[in-house]
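Next comes start-v5.txt, a file with compact mmCIF, N, CA and C atoms.
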# COMPACT_ATOMS: atom_id res chain seq x y z
N MET A 1 -133.96 -93.80 81.51
CA MET A 1 -133.57 -93.55 82.87
C MET A 1 -134.21 -92.26 83.36
N ILE A 2 -134.11 -92.04 84.64
CA ILE A 2 -134.65 -90.83 85.25
C ILE A 2 -133.83 -89.64 84.76
N HIS A 3 -134.52 -88.57 84.41
CA HIS A 3 -133.84 -87.35 83.96
C HIS A 3 -134.14 -86.23 84.95
N ALA A 4 -133.20 -85.33 85.07
CA ALA A 4 -133.38 -84.18 85.95
C ALA A 4 -133.09 -82.91 85.18
N GLU A 5 -133.84 -81.90 85.52
CA GLU A 5 -133.61 -80.56 84.97
C GLU A 5 -133.29 -79.66 86.14
N ILE A 6 -132.17 -78.94 86.03
CA ILE A 6 -131.72 -78.07 87.11
C ILE A 6 -131.85 -76.62 86.68
N ASP A 7 -132.33 -75.82 87.59
CA ASP A 7 -132.39 -74.38 87.40
C ASP A 7 -131.60 -73.76 88.55
N GLN A 8 -130.39 -73.30 88.22
CA GLN A 8 -129.53 -72.71 89.24
C GLN A 8 -129.67 -71.20 89.15
N ARG A 9 -130.31 -70.61 90.14
CA ARG A 9 -130.58 -69.17 90.11
C ARG A 9 -129.48 -68.36 90.78
N SER A 10 -128.76 -69.00 91.63
CA SER A 10 -127.58 -68.39 92.25
C SER A 10 -126.74 -69.53 92.80
N GLU A 11 -125.62 -69.18 93.38
CA GLU A 11 -124.76 -70.23 93.91
C GLU A 11 -125.45 -71.05 95.00
N ASN A 12 -126.32 -70.40 95.75
CA ASN A 12 -126.99 -71.06 96.88
C ASN A 12 -128.45 -71.37 96.61
N LEU A 13 -128.91 -71.12 95.40
CA LEU A 13 -130.32 -71.34 95.09
C LEU A 13 -130.42 -72.25 93.86
N VAL A 14 -130.69 -73.54 94.12
CA VAL A 14 -130.73 -74.55 93.06
C VAL A 14 -132.08 -75.26 93.12
N PHE A 15 -132.73 -75.34 91.97
CA PHE A 15 -134.00 -76.04 91.86
C PHE A 15 -133.83 -77.21 90.90
N VAL A 16 -134.55 -78.28 91.15
CA VAL A 16 -134.46 -79.46 90.30
C VAL A 16 -135.84 -80.08 90.15
N ARG A 17 -136.06 -80.73 89.00
CA ARG A 17 -137.27 -81.53 88.81
C ARG A 17 -136.88 -82.77 88.03
N PHE A 18 -137.67 -83.81 88.16
CA PHE A 18 -137.36 -85.11 87.59
C PHE A 18 -138.45 -85.55 86.63
N SER A 19 -138.04 -86.38 85.66
CA SER A 19 -139.01 -87.04 84.79
C SER A 19 -138.63 -88.51 84.68
N ASP A 20 -139.64 -89.33 84.60
CA ASP A 20 -139.43 -90.76 84.42
C ASP A 20 -139.02 -91.05 82.98
N PRO A 21 -138.52 -92.23 82.71
CA PRO A 21 -138.14 -92.58 81.34
C PRO A 21 -139.32 -92.39 80.38
N ASN A 22 -139.02 -91.89 79.20
CA ASN A 22 -140.02 -91.67 78.15
C ASN A 22 -141.13 -90.73 78.59
N GLU A 23 -140.82 -89.83 79.49
CA GLU A 23 -141.82 -88.88 79.98
C GLU A 23 -141.27 -87.47 79.84
N ASP A 24 -142.12 -86.55 79.51
CA ASP A 24 -141.74 -85.15 79.40
C ASP A 24 -141.73 -84.51 80.78
N PHE A 25 -140.95 -83.46 80.92
CA PHE A 25 -140.99 -82.72 82.19
C PHE A 25 -142.35 -82.06 82.37
N GLY A 26 -142.94 -81.65 81.24
CA GLY A 26 -144.28 -81.07 81.28
C GLY A 26 -144.41 -80.02 82.34
N SER A 27 -145.39 -80.18 83.18
CA SER A 27 -145.64 -79.20 84.24
C SER A 27 -145.14 -79.70 85.60
N LYS A 28 -144.23 -80.66 85.58
CA LYS A 28 -143.70 -81.15 86.85
C LYS A 28 -143.04 -80.00 87.60
N PRO A 29 -143.31 -79.89 88.87
CA PRO A 29 -142.78 -78.75 89.63
C PRO A 29 -141.28 -78.92 89.97
N PHE A 30 -140.61 -77.80 90.09
CA PHE A 30 -139.25 -77.78 90.60
C PHE A 30 -139.30 -77.79 92.11
N PHE A 31 -138.27 -78.34 92.75
CA PHE A 31 -138.14 -78.19 94.19
C PHE A 31 -136.70 -77.82 94.50
N MET A 32 -136.51 -77.19 95.63
CA MET A 32 -135.21 -76.67 95.98
C MET A 32 -134.31 -77.75 96.60
N VAL A 33 -133.04 -77.71 96.21
CA VAL A 33 -132.02 -78.56 96.82
C VAL A 33 -130.88 -77.66 97.29
N ASP A 34 -130.03 -78.18 98.12
CA ASP A 34 -128.96 -77.37 98.71
C ASP A 34 -127.83 -77.05 97.74
N SER A 35 -127.62 -77.95 96.74
CA SER A 35 -126.48 -77.75 95.85
C SER A 35 -126.64 -78.60 94.59
N ILE A 36 -125.81 -78.34 93.62
CA ILE A 36 -125.76 -79.15 92.40
C ILE A 36 -125.38 -80.59 92.78
N GLU A 37 -124.47 -80.73 93.73
CA GLU A 37 -124.05 -82.07 94.17
C GLU A 37 -125.22 -82.86 94.73
N GLU A 38 -126.09 -82.19 95.48
CA GLU A 38 -127.27 -82.88 96.01
C GLU A 38 -128.19 -83.31 94.87
N ALA A 39 -128.33 -82.48 93.84
CA ALA A 39 -129.15 -82.85 92.68
C ALA A 39 -128.58 -84.09 92.01
N HIS A 40 -127.26 -84.14 91.84
CA HIS A 40 -126.62 -85.34 91.27
C HIS A 40 -126.90 -86.57 92.13
N LYS A 41 -126.77 -86.41 93.42
CA LYS A 41 -127.01 -87.53 94.34
C LYS A 41 -128.45 -88.03 94.24
N ARG A 42 -129.39 -87.12 94.14
CA ARG A 42 -130.80 -87.51 94.04
C ARG A 42 -131.10 -88.24 92.73
N VAL A 43 -130.47 -87.80 91.64
CA VAL A 43 -130.67 -88.48 90.35
C VAL A 43 -130.10 -89.90 90.43
N ARG A 44 -128.91 -90.04 91.00
CA ARG A 44 -128.32 -91.38 91.13
C ARG A 44 -129.21 -92.28 91.99
N THR A 45 -129.73 -91.74 93.08
CA THR A 45 -130.60 -92.53 93.96
C THR A 45 -131.88 -92.93 93.24
N ARG A 46 -132.49 -92.00 92.52
CA ARG A 46 -133.73 -92.33 91.79
C ARG A 46 -133.46 -93.34 90.68
N ASN A 47 -132.34 -93.21 89.99
CA ASN A 47 -132.00 -94.18 88.95
C ASN A 47 -131.73 -95.55 89.54
N LYS A 48 -131.06 -95.60 90.65
CA LYS A 48 -130.80 -96.88 91.32
C LYS A 48 -132.11 -97.56 91.68
N VAL A 49 -133.03 -96.83 92.28
CA VAL A 49 -134.33 -97.39 92.65
C VAL A 49 -135.09 -97.84 91.40
N TYR A 50 -135.08 -97.01 90.37
CA TYR A 50 -135.78 -97.36 89.13
C TYR A 50 -135.21 -98.65 88.53
N ILE A 51 -133.90 -98.75 88.44
CA ILE A 51 -133.25 -99.93 87.87
C ILE A 51 -133.63 -101.17 88.66
N LEU A 52 -133.49 -101.13 89.97
CA LEU A 52 -133.75 -102.31 90.79
C LEU A 52 -135.23 -102.70 90.80
N GLU A 53 -136.12 -101.72 90.89
CA GLU A 53 -137.56 -102.04 90.89
C GLU A 53 -138.00 -102.58 89.54
N THR A 54 -137.53 -101.98 88.47
CA THR A 54 -137.91 -102.43 87.13
C THR A 54 -137.40 -103.84 86.87
N LEU A 55 -136.16 -104.11 87.23
CA LEU A 55 -135.61 -105.46 87.04
C LEU A 55 -136.33 -106.48 87.91
N THR A 56 -136.65 -106.11 89.13
CA THR A 56 -137.36 -107.03 90.03
C THR A 56 -138.74 -107.39 89.47
N HIS A 57 -139.48 -106.39 89.03
CA HIS A 57 -140.81 -106.66 88.46
C HIS A 57 -140.70 -107.51 87.20
N TRP A 58 -139.74 -107.18 86.35
CA TRP A 58 -139.57 -107.93 85.11
C TRP A 58 -139.16 -109.38 85.39
N LEU A 59 -138.24 -109.58 86.31
CA LEU A 59 -137.82 -110.94 86.63
C LEU A 59 -138.95 -111.76 87.25
N ASN A 60 -139.75 -111.13 88.08
CA ASN A 60 -140.92 -111.84 88.63
C ASN A 60 -141.87 -112.24 87.51
N GLN A 61 -142.08 -111.35 86.56
CA GLN A 61 -142.94 -111.67 85.43
C GLN A 61 -142.36 -112.82 84.63
N ARG A 62 -141.05 -112.79 84.39
CA ARG A 62 -140.41 -113.85 83.60
C ARG A 62 -140.47 -115.19 84.32
N SER A 63 -140.39 -115.20 85.64
CA SER A 63 -140.46 -116.47 86.37
C SER A 63 -141.85 -117.08 86.27
N HIS A 64 -142.88 -116.24 86.17
CA HIS A 64 -144.24 -116.75 86.00
C HIS A 64 -144.51 -117.15 84.55
N ALA A 65 -143.92 -116.42 83.61
CA ALA A 65 -144.15 -116.69 82.20
C ALA A 65 -143.44 -117.97 81.74
N ASN A 66 -142.31 -118.26 82.35
CA ASN A 66 -141.55 -119.44 81.95
C ASN A 66 -140.94 -120.07 83.20
N THR A 67 -141.60 -121.09 83.71
CA THR A 67 -141.20 -121.68 84.98
C THR A 67 -139.83 -122.37 84.94
N LYS A 68 -139.30 -122.62 83.76
CA LYS A 68 -137.96 -123.23 83.70
C LYS A 68 -136.89 -122.27 84.23
N TYR A 69 -137.21 -120.98 84.27
CA TYR A 69 -136.28 -119.98 84.78
C TYR A 69 -136.43 -119.75 86.28
N TYR A 70 -137.42 -120.34 86.90
CA TYR A 70 -137.78 -120.00 88.28
C TYR A 70 -136.58 -120.05 89.23
N LYS A 71 -135.83 -121.13 89.22
CA LYS A 71 -134.72 -121.28 90.16
C LYS A 71 -133.63 -120.23 89.90
N ASN A 72 -133.26 -120.04 88.63
CA ASN A 72 -132.23 -119.06 88.30
C ASN A 72 -132.69 -117.64 88.64
N ILE A 73 -133.96 -117.36 88.39
CA ILE A 73 -134.47 -116.02 88.69
C ILE A 73 -134.55 -115.81 90.20
N SER A 74 -134.87 -116.82 90.95
CA SER A 74 -134.89 -116.71 92.41
C SER A 74 -133.51 -116.33 92.94
N VAL A 75 -132.49 -116.95 92.39
CA VAL A 75 -131.12 -116.60 92.78
C VAL A 75 -130.82 -115.15 92.40
N PHE A 76 -131.22 -114.78 91.20
CA PHE A 76 -130.98 -113.42 90.72
C PHE A 76 -131.69 -112.40 91.61
N LEU A 77 -132.92 -112.70 92.01
CA LEU A 77 -133.66 -111.79 92.88
C LEU A 77 -132.99 -111.64 94.24
N THR A 78 -132.38 -112.72 94.73
CA THR A 78 -131.61 -112.65 95.97
C THR A 78 -130.42 -111.71 95.80
N TRP A 79 -129.73 -111.84 94.66
CA TRP A 79 -128.60 -110.94 94.38
C TRP A 79 -129.07 -109.49 94.34
N ILE A 80 -130.22 -109.26 93.70
CA ILE A 80 -130.75 -107.89 93.63
C ILE A 80 -131.04 -107.37 95.03
N GLY A 81 -131.57 -108.22 95.88
CA GLY A 81 -131.80 -107.83 97.27
C GLY A 81 -130.52 -107.41 97.96
N ASP A 82 -129.45 -108.11 97.69
CA ASP A 82 -128.15 -107.78 98.29
C ASP A 82 -127.58 -106.48 97.73
N VAL A 83 -127.75 -106.26 96.43
CA VAL A 83 -127.15 -105.09 95.79
C VAL A 83 -127.94 -103.80 96.10
N ARG A 84 -129.15 -103.93 96.62
CA ARG A 84 -129.95 -102.74 96.99
C ARG A 84 -129.20 -101.85 97.98
N LYS A 85 -128.36 -102.45 98.78
CA LYS A 85 -127.64 -101.70 99.81
C LYS A 85 -126.39 -101.03 99.26
N LYS A 86 -126.07 -101.29 98.02
CA LYS A 86 -124.84 -100.78 97.41
C LYS A 86 -125.07 -99.42 96.76
N SER A 87 -123.99 -98.83 96.28
CA SER A 87 -124.06 -97.53 95.62
C SER A 87 -124.63 -97.68 94.21
N PHE A 88 -124.97 -96.56 93.62
CA PHE A 88 -125.47 -96.53 92.25
C PHE A 88 -124.46 -97.16 91.29
N LYS A 89 -123.20 -96.80 91.44
CA LYS A 89 -122.16 -97.35 90.58
C LYS A 89 -122.08 -98.86 90.73
N GLU A 90 -122.16 -99.35 91.95
CA GLU A 90 -122.10 -100.80 92.18
C GLU A 90 -123.32 -101.52 91.59
N VAL A 91 -124.48 -100.87 91.62
CA VAL A 91 -125.67 -101.45 90.99
C VAL A 91 -125.45 -101.57 89.49
N CYS A 92 -124.94 -100.49 88.88
CA CYS A 92 -124.67 -100.53 87.43
C CYS A 92 -123.61 -101.58 87.10
N ASP A 93 -122.58 -101.69 87.92
CA ASP A 93 -121.56 -102.71 87.70
C ASP A 93 -122.17 -104.11 87.77
N PHE A 94 -123.06 -104.31 88.73
CA PHE A 94 -123.75 -105.59 88.90
C PHE A 94 -124.55 -105.93 87.63
N VAL A 95 -125.31 -104.96 87.13
CA VAL A 95 -126.12 -105.18 85.93
C VAL A 95 -125.23 -105.43 84.73
N GLU A 96 -124.17 -104.64 84.60
CA GLU A 96 -123.27 -104.81 83.46
C GLU A 96 -122.63 -106.21 83.48
N TYR A 97 -122.16 -106.64 84.63
CA TYR A 97 -121.49 -107.93 84.75
C TYR A 97 -122.46 -109.10 84.47
N ARG A 98 -123.72 -108.90 84.85
CA ARG A 98 -124.70 -109.99 84.71
C ARG A 98 -125.62 -109.81 83.51
N ARG A 99 -125.29 -108.90 82.63
CA ARG A 99 -126.12 -108.67 81.45
C ARG A 99 -126.40 -109.95 80.66
N PRO A 100 -125.39 -110.79 80.37
CA PRO A 100 -125.69 -112.01 79.62
C PRO A 100 -126.73 -112.91 80.32
N LEU A 101 -126.68 -112.96 81.64
CA LEU A 101 -127.67 -113.76 82.37
C LEU A 101 -129.06 -113.15 82.24
N LEU A 102 -129.13 -111.83 82.36
CA LEU A 102 -130.43 -111.16 82.20
C LEU A 102 -130.99 -111.36 80.80
N GLU A 103 -130.13 -111.24 79.81
CA GLU A 103 -130.59 -111.41 78.43
C GLU A 103 -131.09 -112.83 78.17
N ALA A 104 -130.59 -113.79 78.92
CA ALA A 104 -131.04 -115.18 78.75
C ALA A 104 -132.51 -115.34 79.16
N PHE A 105 -133.02 -114.43 80.02
CA PHE A 105 -134.41 -114.49 80.46
C PHE A 105 -135.36 -113.75 79.53
N ALA A 106 -134.83 -113.14 78.47
CA ALA A 106 -135.66 -112.33 77.56
C ALA A 106 -136.74 -113.18 76.91
N PRO A 107 -137.90 -112.58 76.72
CA PRO A 107 -138.97 -113.31 76.02
C PRO A 107 -138.63 -113.41 74.54
N PRO A 108 -139.22 -114.36 73.84
CA PRO A 108 -139.02 -114.43 72.39
C PRO A 108 -139.59 -113.18 71.71
N ILE A 109 -139.07 -112.87 70.55
CA ILE A 109 -139.48 -111.66 69.82
C ILE A 109 -140.98 -111.67 69.54
N ASP A 110 -141.58 -112.82 69.32
CA ASP A 110 -143.00 -112.87 69.01
C ASP A 110 -143.89 -112.88 70.26
N SER A 111 -143.30 -112.76 71.42
CA SER A 111 -144.05 -112.75 72.68
C SER A 111 -144.71 -111.38 72.88
N LYS A 112 -145.87 -111.39 73.54
CA LYS A 112 -146.52 -110.12 73.86
C LYS A 112 -145.74 -109.34 74.91
N PHE A 113 -144.79 -110.00 75.59
CA PHE A 113 -143.97 -109.35 76.60
C PHE A 113 -142.68 -108.74 76.03
N TYR A 114 -142.39 -109.03 74.77
CA TYR A 114 -141.15 -108.53 74.18
C TYR A 114 -141.09 -107.00 74.11
N PRO A 115 -142.17 -106.30 73.75
CA PRO A 115 -142.09 -104.83 73.73
C PRO A 115 -141.70 -104.23 75.09
N ASP A 116 -142.22 -104.82 76.17
CA ASP A 116 -141.86 -104.35 77.50
C ASP A 116 -140.36 -104.54 77.75
N TYR A 117 -139.85 -105.70 77.36
CA TYR A 117 -138.42 -105.97 77.47
C TYR A 117 -137.62 -104.96 76.66
N GLN A 118 -138.07 -104.73 75.45
CA GLN A 118 -137.36 -103.83 74.54
C GLN A 118 -137.40 -102.37 75.03
N ASN A 119 -138.52 -101.95 75.61
CA ASN A 119 -138.70 -100.56 76.01
C ASN A 119 -138.21 -100.23 77.41
N LYS A 120 -138.10 -101.24 78.27
CA LYS A 120 -137.69 -100.98 79.66
C LYS A 120 -136.36 -101.63 80.03
N ILE A 121 -136.19 -102.89 79.69
CA ILE A 121 -135.02 -103.64 80.16
C ILE A 121 -133.78 -103.34 79.33
N ILE A 122 -133.92 -103.36 78.03
CA ILE A 122 -132.76 -103.08 77.17
C ILE A 122 -132.18 -101.68 77.47
N PRO A 123 -133.00 -100.64 77.62
CA PRO A 123 -132.41 -99.33 77.98
C PRO A 123 -131.65 -99.36 79.31
N ILE A 124 -132.14 -100.12 80.28
CA ILE A 124 -131.41 -100.25 81.55
C ILE A 124 -130.06 -100.93 81.31
N LEU A 125 -130.08 -102.02 80.57
CA LEU A 125 -128.84 -102.75 80.29
C LEU A 125 -127.85 -101.85 79.54
N ASP A 126 -128.35 -101.15 78.53
CA ASP A 126 -127.48 -100.26 77.75
C ASP A 126 -126.92 -99.14 78.62
N PHE A 127 -127.76 -98.56 79.45
CA PHE A 127 -127.33 -97.48 80.33
C PHE A 127 -126.23 -97.95 81.27
N CYS A 128 -126.44 -99.09 81.90
CA CYS A 128 -125.45 -99.59 82.86
C CYS A 128 -124.15 -99.99 82.18
N CYS A 129 -124.23 -100.41 80.96
CA CYS A 129 -123.02 -100.86 80.25
C CYS A 129 -122.27 -99.72 79.56
N SER A 130 -122.89 -98.56 79.45
CA SER A 130 -122.23 -97.47 78.72
C SER A 130 -122.23 -96.17 79.49
N ARG A 131 -122.40 -96.21 80.79
CA ARG A 131 -122.54 -94.98 81.55
C ARG A 131 -121.30 -94.10 81.56
N GLU A 132 -120.11 -94.64 81.30
CA GLU A 132 -118.92 -93.80 81.25
C GLU A 132 -118.94 -92.91 80.02
N ASP A 133 -119.70 -93.30 79.00
CA ASP A 133 -119.74 -92.55 77.75
C ASP A 133 -120.80 -91.47 77.74
N GLN A 134 -121.49 -91.30 78.83
CA GLN A 134 -122.59 -90.35 78.84
C GLN A 134 -122.63 -89.59 80.15
N ASN A 135 -123.52 -88.64 80.22
CA ASN A 135 -123.74 -87.91 81.45
C ASN A 135 -124.47 -88.86 82.39
N GLU A 136 -123.74 -89.42 83.32
CA GLU A 136 -124.25 -90.48 84.19
C GLU A 136 -125.52 -90.08 84.93
N ASP A 137 -125.66 -88.81 85.21
CA ASP A 137 -126.79 -88.36 86.01
C ASP A 137 -127.98 -87.90 85.19
N ASN A 138 -127.86 -87.80 83.88
CA ASN A 138 -128.97 -87.34 83.03
C ASN A 138 -129.51 -85.99 83.48
N LEU A 139 -128.60 -85.04 83.68
CA LEU A 139 -129.00 -83.72 84.13
C LEU A 139 -129.02 -82.75 82.95
N THR A 140 -130.02 -81.90 82.92
CA THR A 140 -130.11 -80.80 81.98
C THR A 140 -130.04 -79.53 82.81
N ALA A 141 -129.11 -78.68 82.51
CA ALA A 141 -128.94 -77.49 83.32
C ALA A 141 -129.54 -76.27 82.64
N GLN A 142 -130.19 -75.47 83.44
CA GLN A 142 -130.66 -74.15 83.02
C GLN A 142 -130.01 -73.19 84.00
N SER A 143 -129.59 -72.10 83.54
CA SER A 143 -129.01 -71.13 84.45
C SER A 143 -129.77 -69.83 84.37
N SER A 144 -130.18 -69.36 85.49
CA SER A 144 -130.88 -68.07 85.56
C SER A 144 -129.97 -67.03 86.18
N LEU A 145 -128.67 -67.30 86.18
CA LEU A 145 -127.73 -66.38 86.81
C LEU A 145 -127.66 -65.06 86.07

Can the structure in the file be given as structure tokens, please?
Amino acid sequence: MIHAEIDQRSENLVFVRFSDPNEDFGSKPFFMVDSIEEAHKRVRTRNKVYILETLTHWLNQRSHANTKYYKNISVFLTWIGDVRKKSFKEVCDFVEYRRPLLEAFAPPIDSKFYPDYQNKIIPILDFCCSREDQNEDNLTAQSSL
């Protein structure tokens, strides 16, 4: 999932930077936000977009790879279109509730597409199903106070 690193230099001076899944912060620049709450909101928004875009691309790939799923995936893509307007929590609830359906579209283990499923889709499913047990926003705090 998307990770954020926060550098709070004072109560009114908060900087944040983001990294994509499996990516280091490296030399990614910090940018200023109004508050810690805004940083949390931005992480949730970026994670929501990442989850929906990744699932949409994966489902489109699966519908082309195995046409027997086409009708079910079309319905699922419609649901994803509807859930785009919802909150981050509602998106995760949607994924958690429909996890068994998503797993039914998984490629076989010997497929060349299985590593992509394993490295991108399973982490999304796990994240959405266990977010109460973790720091939902994936924030790392640094304090320069």

(message) For segment 84-100 of chain A, find every residue with an atom within 6 Å (counting all atoms listed in the file), except residues of its own chain fewer than 6 positions away, and show them as a VMD selection string.
(response) chain A and resid 44 48 128 to 129

Near Leu77 of chain A, within 8 Å and counting all atoms listed in the file, which residues show up once chain neighbours fewer than 4 positions away are dropped, as a short mmCIF file (atom, residue, chain, number, x, y, z; two decimals) with N, CA and C atoms, in the frame of the given file?
data_model
loop_
_atom_site.label_atom_id
_atom_site.label_comp_id
_atom_site.auth_asym_id
_atom_site.auth_seq_id
_atom_site.Cartn_x
_atom_site.Cartn_y
_atom_site.Cartn_z
N LEU A 55 -136.16 -104.11 87.23
CA LEU A 55 -135.61 -105.46 87.04
C LEU A 55 -136.33 -106.48 87.91
N THR A 56 -136.65 -106.11 89.13
CA THR A 56 -137.36 -107.03 90.03
C THR A 56 -138.74 -107.39 89.47
N LEU A 59 -138.24 -109.58 86.31
CA LEU A 59 -137.82 -110.94 86.63
C LEU A 59 -138.95 -111.76 87.25
N ASN A 60 -139.75 -111.13 88.08
CA ASN A 60 -140.92 -111.84 88.63
C ASN A 60 -141.87 -112.24 87.51
N LYS A 71 -135.83 -121.13 89.22
CA LYS A 71 -134.72 -121.28 90.16
C LYS A 71 -133.63 -120.23 89.90
N ASN A 72 -133.26 -120.04 88.63
CA ASN A 72 -132.23 -119.06 88.30
C ASN A 72 -132.69 -117.64 88.64
N ILE A 73 -133.96 -117.36 88.39
CA ILE A 73 -134.47 -116.02 88.69
C ILE A 73 -134.55 -115.81 90.20
N GLY A 81 -131.57 -108.22 95.88
CA GLY A 81 -131.80 -107.83 97.27
C GLY A 81 -130.52 -107.41 97.96
N ASP A 82 -129.45 -108.11 97.69
CA ASP A 82 -128.15 -107.78 98.29
C ASP A 82 -127.58 -106.48 97.73
N VAL A 83 -127.75 -106.26 96.43
CA VAL A 83 -127.15 -105.09 95.79
C VAL A 83 -127.94 -103.80 96.10
#

(request) Pick out the closest residue to Glu38 of chain A from this set: A:Leu13, A:Pro107, A:Glu23, A:Val75. Count only C-alpha atoms. (result) A:Leu13

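Proximity to Ile124 of chain A was assessed for A:Arg9, A:Pro21, A:Ile51, A:Ser27 counting only N, CA and C atoms; the smallest distance is recorded for A:Ile51.
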
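Nearest-residue note for Leu125 of chain A: choosing from A:Phe113, A:Asp34, A:Thr54, A:Lys68, the minimum distance belongs to A:Thr54, counting only C-alpha atoms.
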
(request) Go through segment 3-103 of chain A and collect every residue that DSSP, computed from the backbone, puts in strand (DSSP E); the answer should be as JSON, numbers by chain. (result) {"A": [3, 4, 5, 6, 7, 8, 9, 10, 13, 14, 15, 16, 17, 18, 19, 31, 32, 33]}
